[in-house]
>>> print(open('protein-v7.cif').read())   # mmCIF, C-alpha atoms and all ligand atoms
data_input
loop_
_atom_site.label_atom_id
_atom_site.label_comp_id
_atom_site.auth_asym_id
_atom_site.auth_seq_id
_atom_site.Cartn_x
_atom_site.Cartn_y
_atom_site.Cartn_z
CA MET A 1368 95.93 88.99 141.86
CA LYS A 1369 96.39 90.32 138.41
CA GLN A 1370 93.63 92.15 136.54
CA ARG A 1371 92.50 90.67 133.25
CA THR A 1372 92.37 92.14 129.76
CA PRO A 1373 88.80 92.99 128.66
CA VAL A 1374 87.32 90.53 126.18
CA PHE A 1375 86.65 93.17 123.50
CA LEU A 1376 90.37 93.97 123.32
CA ASN A 1377 91.11 90.31 122.70
CA ILE A 1378 88.52 90.27 119.92
CA VAL A 1379 90.03 93.37 118.31
CA ALA A 1380 93.50 91.80 118.51
CA VAL A 1381 92.27 88.55 116.96
CA LEU A 1382 90.55 90.43 114.13
CA ILE A 1383 93.70 92.41 113.36
CA VAL A 1384 95.86 89.29 113.36
CA MET A 1385 93.42 87.43 111.10
CA ASN A 1386 93.26 90.29 108.61
CA VAL A 1387 97.04 90.52 108.51
CA LEU A 1388 97.40 86.77 107.98
CA TYR A 1389 94.76 86.59 105.25
CA TYR A 1390 96.20 89.63 103.53
CA MET A 1391 99.68 88.10 103.63
CA PHE A 1392 98.52 85.01 101.79
CA VAL A 1393 95.88 86.47 99.44
CA GLN A 1394 97.78 89.71 98.66
CA SER A 1395 94.55 91.63 98.07
CA SER A 1396 91.42 92.37 100.04
CA ALA A 1397 89.44 89.81 98.01
CA TYR A 1398 89.36 87.49 101.05
CA LEU A 1399 86.82 89.85 102.64
CA LYS A 1400 84.22 88.34 100.33
CA SER A 1401 85.16 84.75 101.15
CA PRO A 1402 82.92 82.64 103.39
CA TYR A 1403 86.07 80.94 104.72
CA PHE A 1404 87.31 84.22 106.12
CA TRP A 1405 84.03 85.00 107.86
CA GLY A 1406 83.75 81.37 109.02
CA THR A 1407 87.17 81.57 110.71
CA VAL A 1408 86.28 85.00 112.14
CA VAL A 1409 83.14 83.58 113.80
CA ILE A 1410 85.02 80.52 115.12
CA SER A 1411 87.83 82.72 116.50
CA ILE A 1412 85.41 85.04 118.26
CA VAL A 1413 83.62 82.07 119.82
CA LEU A 1414 87.03 80.77 120.98
CA VAL A 1415 87.87 84.17 122.50
CA PHE A 1416 84.58 84.07 124.45
CA ILE A 1417 85.30 80.52 125.64
CA HIS A 1418 88.78 81.61 126.72
CA ASN A 1419 87.23 84.53 128.55
CA ALA A 1420 84.64 82.32 130.29
CA ILE A 1421 87.38 79.98 131.52
CA GLY A 1422 89.23 83.08 132.74
CA ASP A 1423 86.09 84.12 134.65
CA LEU A 1424 85.95 80.73 136.36
CA ILE A 1425 89.60 80.88 137.42
CA GLU A 1426 89.19 84.46 138.56
CA ASN A 1427 86.19 83.53 140.75
CA GLN A 1428 88.01 80.60 142.26
CA GLN A 1429 91.11 82.58 143.10
CA PHE A 1430 89.03 85.43 144.38
CA GLU A 1431 87.53 83.08 146.98
CA LYS A 1432 91.01 82.30 148.28
CA LEU A 1433 91.86 85.96 148.97
CA SER A 1434 91.65 87.54 152.40
CA ASP A 1435 88.89 90.10 152.94
CA GLU A 1436 91.34 92.95 152.61
CA GLU A 1437 92.80 91.60 149.42
CA LYS A 1438 89.29 91.12 148.07
CA LYS A 1439 88.48 94.76 148.74
CA LEU A 1440 91.70 95.92 147.09
CA TYR A 1441 91.11 93.71 144.08
CA LEU A 1442 87.56 94.95 143.58
CA GLU A 1443 88.71 98.54 143.92
CA GLN A 1444 91.42 98.06 141.31
CA LYS A 1445 88.97 96.33 139.04
CA LYS A 1446 86.96 99.56 138.86
CA ILE A 1447 89.91 101.40 137.27
CA PRO A 1448 89.38 101.34 133.49
CA PHE A 1449 91.73 99.09 131.57
CA TYR A 1450 93.42 101.81 129.56
CA LYS A 1451 94.18 103.82 132.73
CA ARG A 1452 95.75 100.76 134.31
CA ALA A 1453 97.83 100.19 131.17
CA TRP A 1454 98.91 103.82 131.15
CA ASP A 1455 99.89 103.75 134.81
CA SER A 1456 101.81 100.55 134.47
CA ALA A 1457 103.77 102.08 131.61
CA PHE A 1458 104.54 105.50 133.08
CA LYS A 1459 104.04 105.44 136.79
CA LYS A 1460 107.19 104.91 138.78
CA GLN A 1461 107.05 101.68 140.68
CA ALA A 1462 107.54 102.01 144.41
CA VAL A 1463 109.83 99.44 146.00
CA ALA A 1464 107.13 98.81 148.58
CA GLU A 1465 104.75 97.68 145.83
CA GLU A 1466 106.87 94.68 144.99
CA LYS A 1467 105.08 92.20 147.10
CA ASP A 1468 101.77 93.11 145.46
CA LEU A 1469 103.30 92.30 142.14
CA LEU A 1470 103.49 88.62 142.79
CA ILE A 1471 101.83 86.92 139.88
CA ASP A 1472 99.32 84.34 141.03
CA HIS A 1473 101.02 81.40 139.53
CA GLY A 1474 104.10 79.71 140.72
CA PHE A 1475 105.65 76.33 140.55
CA ASP A 1476 107.64 74.36 143.05
CA GLY A 1477 108.10 77.42 145.24
CA ILE A 1478 109.37 79.56 142.40
CA MET A 1479 107.24 82.68 142.17
CA GLU A 1480 107.02 85.29 139.46
CA LEU A 1481 106.89 89.04 139.95
CA ASP A 1482 105.11 91.41 137.62
CA ASN A 1483 107.75 94.13 137.76
CA GLN A 1484 107.57 97.10 135.45
CA LEU A 1485 109.47 96.82 132.24
CA PRO A 1486 112.61 98.95 131.91
CA LYS A 1487 111.78 102.42 130.66
CA TRP A 1488 114.27 102.23 127.79
CA TRP A 1489 112.60 99.03 126.62
CA LEU A 1490 109.15 100.55 126.81
CA GLY A 1491 110.44 103.65 125.07
CA MET A 1492 111.60 101.57 122.15
CA PHE A 1493 108.33 99.68 122.10
CA TYR A 1494 106.23 102.86 121.99
CA PHE A 1495 108.52 104.41 119.42
CA GLY A 1496 108.12 101.32 117.27
CA PHE A 1497 104.37 101.42 117.71
CA ALA A 1498 104.13 105.10 116.77
CA TYR A 1499 106.39 104.49 113.79
CA LEU A 1500 104.19 101.61 112.69
CA ILE A 1501 101.08 103.80 112.72
CA ILE A 1502 102.82 106.60 110.82
CA TYR A 1503 104.13 104.04 108.33
CA ILE A 1504 100.73 102.43 107.73
CA VAL A 1505 99.06 105.82 107.28
CA ALA A 1506 101.81 106.97 104.94
CA PHE A 1507 101.71 103.68 103.05
CA SER A 1508 97.95 103.93 102.58
CA PHE A 1509 97.62 107.57 101.69
CA THR A 1510 100.87 108.73 100.10
CA PRO A 1511 102.56 107.56 96.92
CA PHE A 1512 105.98 106.81 98.44
CA ALA A 1513 105.59 103.02 98.56
CA HIS A 1514 103.75 102.64 95.27
CA PRO A 1515 106.26 102.49 92.42
CA ASP A 1516 103.53 101.21 90.07
CA LYS A 1517 101.76 104.57 90.28
CA GLU A 1518 105.05 106.37 89.72
CA TYR A 1519 105.72 104.08 86.81
CA GLU A 1520 102.33 104.79 85.26
CA GLU A 1521 102.91 108.51 85.66
CA GLU A 1522 106.32 108.31 84.00
CA HIS A 1523 104.99 105.99 81.33
CA LYS A 1524 102.27 108.51 80.52
CA GLN A 1525 104.82 111.32 80.26
CA GLU A 1526 107.03 109.14 78.12
CA MET A 1527 104.17 108.29 75.78
CA ALA A 1528 103.22 111.96 75.58
CA SER A 1529 106.78 112.89 74.67
CA ILE A 1530 106.83 110.16 72.02
CA ALA A 1531 103.55 111.47 70.58
CA GLU A 1532 105.06 114.96 70.65
CA TRP A 1533 108.15 113.71 68.86
CA ILE A 1534 106.07 112.00 66.18
CA LYS A 1535 104.01 115.16 65.73
CA ASN A 1536 107.12 117.26 65.27
CA THR A 1537 109.05 114.78 63.18
CA PRO A 1538 107.80 114.48 59.65
CA PRO A 1539 107.42 110.83 58.60
CA PRO A 1540 110.01 109.56 56.13
CA THR A 1541 109.20 110.01 52.46
CA LEU A 1542 110.64 108.34 49.41
CA GLU A 1543 113.35 111.04 49.41
CA THR A 1544 114.25 110.90 53.10
CA ALA A 1545 113.67 107.23 54.00
CA LYS A 1546 116.78 105.27 54.99
CA TYR A 1547 117.50 101.63 55.49
CA SER A 1548 118.36 100.70 59.07
CA ALA A 1549 118.88 97.23 60.48
CA ASP A 1550 117.18 98.46 63.66
CA ASN A 1551 113.88 98.54 61.79
CA ILE A 1552 113.90 94.90 60.70
CA ALA A 1553 112.17 93.49 63.80
CA ASP A 1554 109.38 96.09 63.70
CA GLY A 1555 109.14 95.69 59.96
CA LYS A 1556 108.68 91.96 60.36
CA GLN A 1557 105.73 92.58 62.64
CA ILE A 1558 104.13 95.00 60.17
CA PHE A 1559 104.75 92.48 57.40
CA GLU A 1560 103.06 89.72 59.38
CA GLU A 1561 100.06 91.90 60.13
CA ASN A 1562 99.54 93.27 56.62
CA CYS A 1563 101.47 91.50 53.91
CA VAL A 1564 101.65 87.80 54.82
CA LYS A 1565 98.17 87.08 53.49
CA CYS A 1566 99.39 87.69 49.92
CA HIS A 1567 103.18 87.38 50.08
CA MET A 1568 103.13 84.48 52.57
CA ASP A 1569 105.50 83.60 55.40
CA GLY A 1570 108.94 85.16 55.07
CA GLY A 1571 107.84 86.74 51.74
CA LYS A 1572 108.13 83.45 49.83
CA GLY A 1573 105.28 84.49 47.53
CA GLY A 1574 101.64 83.51 46.91
CA ILE A 1575 99.07 85.88 45.45
CA GLY A 1576 101.85 88.48 45.59
CA PRO A 1577 105.26 87.70 44.11
CA ASN A 1578 108.18 86.03 45.85
CA LEU A 1579 110.08 88.87 47.58
CA THR A 1580 113.17 86.81 48.38
CA ASP A 1581 114.50 86.20 44.88
CA LYS A 1582 116.36 88.41 42.39
CA TYR A 1583 113.39 88.80 40.07
CA TRP A 1584 111.17 91.85 40.13
CA ILE A 1585 108.10 92.87 38.17
CA ASN A 1586 108.38 96.44 39.48
CA HIS A 1587 111.60 98.30 40.04
CA PRO A 1588 110.71 102.00 40.03
CA GLU A 1589 113.90 103.09 41.84
CA LYS A 1590 117.58 102.31 41.46
CA THR A 1591 118.09 100.88 44.92
CA LEU A 1592 116.09 97.99 46.34
CA PHE A 1593 115.15 99.78 49.55
CA LYS A 1594 113.76 102.85 47.76
CA SER A 1595 112.06 100.69 45.22
CA VAL A 1596 110.19 98.75 47.88
CA PHE A 1597 109.33 102.01 49.67
CA GLU A 1598 107.88 103.38 46.45
CA ILE A 1599 105.84 100.24 45.70
CA VAL A 1600 104.43 100.03 49.22
CA GLU A 1601 103.69 103.76 49.23
CA ASN A 1602 101.85 103.82 45.91
CA GLY A 1603 100.89 100.17 45.35
CA VAL A 1604 100.78 98.71 41.85
CA PRO A 1605 97.70 100.13 40.14
CA GLY A 1606 95.57 97.57 38.37
CA THR A 1607 96.83 94.71 40.56
CA ALA A 1608 95.99 93.38 44.02
CA MET A 1609 98.95 95.25 45.57
CA PRO A 1610 97.37 98.09 47.61
CA ALA A 1611 98.75 101.63 47.91
CA TRP A 1612 99.51 101.34 51.63
CA GLY A 1613 100.91 104.84 52.05
CA LYS A 1614 98.81 106.82 49.61
CA ASP A 1615 95.59 105.28 50.93
CA GLY A 1616 96.58 106.00 54.55
CA MET A 1617 96.88 102.40 55.79
CA LEU A 1618 100.56 102.75 56.75
CA ASN A 1619 102.47 105.92 57.61
CA GLY A 1620 105.98 106.76 56.45
CA PHE A 1621 107.56 105.27 59.60
CA ASP A 1622 105.77 101.95 59.03
CA ILE A 1623 106.73 101.85 55.36
CA GLN A 1624 110.37 102.61 56.22
CA LYS A 1625 110.27 99.67 58.64
CA VAL A 1626 108.55 97.15 56.39
CA ALA A 1627 110.82 98.14 53.48
CA ALA A 1628 113.82 97.41 55.72
CA TYR A 1629 112.35 93.97 56.41
CA VAL A 1630 111.82 93.27 52.71
CA TYR A 1631 115.38 94.45 52.01
CA HIS A 1632 116.61 92.13 54.77
CA ILE A 1633 114.86 88.99 53.49
CA ASN A 1634 115.96 89.77 49.94
CA GLN A 1635 119.58 90.82 50.46
CA GLU A 1636 120.66 89.34 53.75
CA GLN A 1637 118.99 85.94 53.58
CA ALA A 1638 119.08 83.14 51.05
CA PRO A 1639 116.11 83.20 48.64
CA ILE A 1640 113.24 80.78 49.23
CA THR A 1641 113.29 78.76 46.00
CA PRO A 1642 110.30 76.95 44.43
CA GLU A 1643 111.81 73.69 45.74
CA GLN A 1644 111.55 75.10 49.24
CA GLY A 1645 107.95 76.20 48.70
CA GLY A 1646 108.67 79.65 47.29
CA ALA A 1647 106.69 81.07 44.37
CA PRO A 1648 108.39 80.83 40.94
CA ALA A 1649 110.29 83.88 39.73
CA GLN A 1650 108.26 86.69 38.15
CA GLY A 1651 109.58 89.70 36.23
CA GLU A 1652 113.21 90.21 35.35
CA GLU A 1653 116.46 89.83 37.15
CA VAL A 1654 117.49 93.20 38.60
CA THR A 1655 120.94 94.35 39.73
CA TRP A 1656 120.43 96.99 42.39
CA GLU A 1657 122.62 99.96 43.06
CA LYS A 1658 124.02 100.04 46.56
C1 LIG A 1701 96.04 91.76 48.69
C2 LIG A 1701 97.30 91.12 48.40
C3 LIG A 1701 98.55 91.85 48.72
C4 LIG A 1701 98.89 92.39 49.90
C5 LIG A 1701 98.12 92.40 51.22
C6 LIG A 1701 100.23 92.92 49.74
N1 LIG A 1701 100.67 92.73 48.47
FE1 LIG A 1701 102.45 93.28 47.74
N2 LIG A 1701 101.88 92.63 45.90
C7 LIG A 1701 100.71 92.00 45.64
C8 LIG A 1701 100.67 91.68 44.21
C9 LIG A 1701 99.56 90.95 43.50
C10 LIG A 1701 101.86 92.16 43.69
C11 LIG A 1701 102.32 92.08 42.24
C12 LIG A 1701 101.93 93.35 41.53
C13 LIG A 1701 102.25 93.24 40.07
O1 LIG A 1701 101.82 92.31 39.44
O2 LIG A 1701 102.98 94.17 39.61
C14 LIG A 1701 102.60 92.73 44.79
C15 LIG A 1701 103.86 93.31 44.67
C16 LIG A 1701 104.63 93.73 45.70
C17 LIG A 1701 106.00 94.15 45.59
C18 LIG A 1701 106.79 94.23 44.29
C19 LIG A 1701 107.15 92.84 43.85
C20 LIG A 1701 107.59 92.78 42.42
O3 LIG A 1701 108.14 91.73 42.06
O4 LIG A 1701 107.39 93.79 41.74
C21 LIG A 1701 106.42 94.43 46.80
C22 LIG A 1701 107.83 94.92 47.21
C23 LIG A 1701 105.33 94.21 47.70
N3 LIG A 1701 104.23 93.78 47.00
C24 LIG A 1701 105.38 94.43 49.07
C25 LIG A 1701 104.28 94.31 49.87
C26 LIG A 1701 104.29 94.69 51.25
C27 LIG A 1701 105.49 95.22 52.03
C28 LIG A 1701 103.03 94.47 51.71
C29 LIG A 1701 102.50 94.75 53.09
C30 LIG A 1701 102.59 96.12 53.56
C31 LIG A 1701 102.27 93.94 50.62
N4 LIG A 1701 103.03 93.86 49.54
C32 LIG A 1701 100.94 93.54 50.75
C33 LIG A 1701 99.70 91.69 46.50
C34 LIG A 1701 99.66 92.09 47.83
#
>>> encode(input="protein-v7.cif", output="structure tokens")
Amino acid sequence: MKQRTPVFLNIVAVLIVMNVLYYMFVQSSAYLKSPYFWGTVVISIVLVFIHNAIGDLIENQQFEKLSDEEKKLYLEQKKIPFYKRAWDSAFKKQAVAEEKDLLIDHGFDGIMELDNQLPKWWLGMFYFGFAYLIIYIVAFSFTPFAHPDKEYEEEHKQEMASIAEWIKNTPPPTLETAKYSADNIADGKQIFEENCVKCHMDGGKGGIGPNLTDKYWINHPEKTLFKSVFEIVENGVPGTAMPAWGKDGMLNGFDIQKVAAYVYHINQEQAPITPEQGGAPAQGEEVTWEK
């Protein structure tokens, strides 16, 4: 008659399986706080005990059927701790003579089943897999190899530091050094929407501040449009609502270079927004810009 697995091992196995299943579906350990998890844990443990009690009943019944000698042998074997039995069954060589003792106590229609040892190569693979699993879980939990997010954060930090370094070492553009670049239009648009839209309105069509899409300008301090806008945004227009964004430290040279590119873009590369389309009427004089 075969010896049974102790109930506590079944409980441990059930707990591991439940944790794995919950973790698979929840993808975080938040389920540990859920009453559903603990409810299913309690129910499962009760079921394991019921299963064990039924096992006890069957064991008692079959024990009665054994001969006195078999009873003695069974009781003797039962005294061997479970782990020792498991160890022996895995590593001890099986004697041919033992075969008849290996008959499993269930059969059907005269067909009986033997509890022969598993092939050593198979067991070897199993134990290798098991050891690998433990090493993997430990490595997964305590080393960074499977956590690209941490690596990413690390690299991101370095990248940001190198950008900060670059900005520190690269003087911001000034009226003399600033250059128009189409690459700056998108960023410039964002700066415009954050700072300028409240006066110059959507797309620079004009409101409190003049229409920036037409050919008419009140201020044209420089010969080219881009430099002119840079100058106005840098120094503002004293005595009017137009702030000195650069001089008063609200925007740095990089930002002004970007927003000036955006203003250049809506003025030179897009059709003007006319009063009929909701734009503000022309102010100032028509200016022909140098390239
Ligand atoms: C508080 C309102 C206000 C804000 C915000 C504002 N402006 Fe102005 N802006 C004005 C006014 C008013 C004028 C007209 C000044 C004048 O009468 O000479 C002006 C003029 C200008 C001009 C020259 C237009 C011309 O015809 O001479 C440019 C270019 C300009 N602003 C760009 C910007 C940009 C870029 C921003 C955002 C960084 C900005 N403004 C934010 C009110 C504002």
>>> residues_near_ligand(input="protein-v7.cif", ligand="ligand LIG 1701 (chain A)", cutoff="7 Å", atoms="only C-alpha atoms and all ligand atoms", output="VMD selection string")
chain A and resid 1558 to 1559 1562 to 1567 1575 to 1579 1583 to 1587 1596 1599 to 1600 1604 1607 to 1610 1612 1626 to 1627 1630 1650 to 1651
>>> residues_around(input="protein-v7.cif", residues="range 1525-1535 of chain A", least_positions_apart="6", cutoff="12 Å", atoms="only C-alpha atoms", output="NGL selection string")
:A and (1518-1519 or 1619-1621)
>>> atom_distance(input="protein-v7.cif", atom1="CA of Phe1416 in chain A", atom2="CA of Asp1482 in chain A")
25.5 Å
>>> closest_residue(input="protein-v7.cif", among="A:Ala1628, A:Val1505, A:Leu1592, A:Val1413", to="Gln1557 in chain A", atoms="only C-alpha atoms")
A:Ala1628
>>> closest_residue(input="protein-v7.cif", among="A:Phe1392, A:Ser1434, A:Gln1428, A:Glu1657", to="Phe1593 in chain A", atoms="all atoms listed in the file")
A:Glu1657
>>> decode(input="protein-v7.cif", residues="range 1588-1602 of chain A", atoms="C-alpha atoms", output="PDB file, in the first residue's frame")
ATOM      1  CA  PRO A1588      13.428  96.675 -35.066  1.00  0.00           C
ATOM      2  CA  GLU A1589      15.442  94.315 -37.295  1.00  0.00           C
ATOM      3  CA  LYS A1590      15.743  93.776 -41.029  1.00  0.00           C
ATOM      4  CA  THR A1591      14.624  90.162 -41.049  1.00  0.00           C
ATOM      5  CA  LEU A1592      11.328  88.950 -39.620  1.00  0.00           C
ATOM      6  CA  PHE A1593      12.881  86.227 -37.481  1.00  0.00           C
ATOM      7  CA  LYS A1594      15.364  88.582 -35.791  1.00  0.00           C
ATOM      8  CA  SER A1595      12.724  91.214 -35.414  1.00  0.00           C
ATOM      9  CA  VAL A1596      10.412  88.854 -33.549  1.00  0.00           C
ATOM     10  CA  PHE A1597      13.344  87.646 -31.430  1.00  0.00           C
ATOM     11  CA  GLU A1598      14.143  91.230 -30.489  1.00  0.00           C
ATOM     12  CA  ILE A1599      10.523  92.100 -29.622  1.00  0.00           C
ATOM     13  CA  VAL A1600      10.026  88.980 -27.506  1.00  0.00           C
ATOM     14  CA  GLU A1601      13.390  89.510 -25.803  1.00  0.00           C
ATOM     15  CA  ASN A1602      12.807  93.153 -24.886  1.00  0.00           C
TER      16      ASN A1602
END
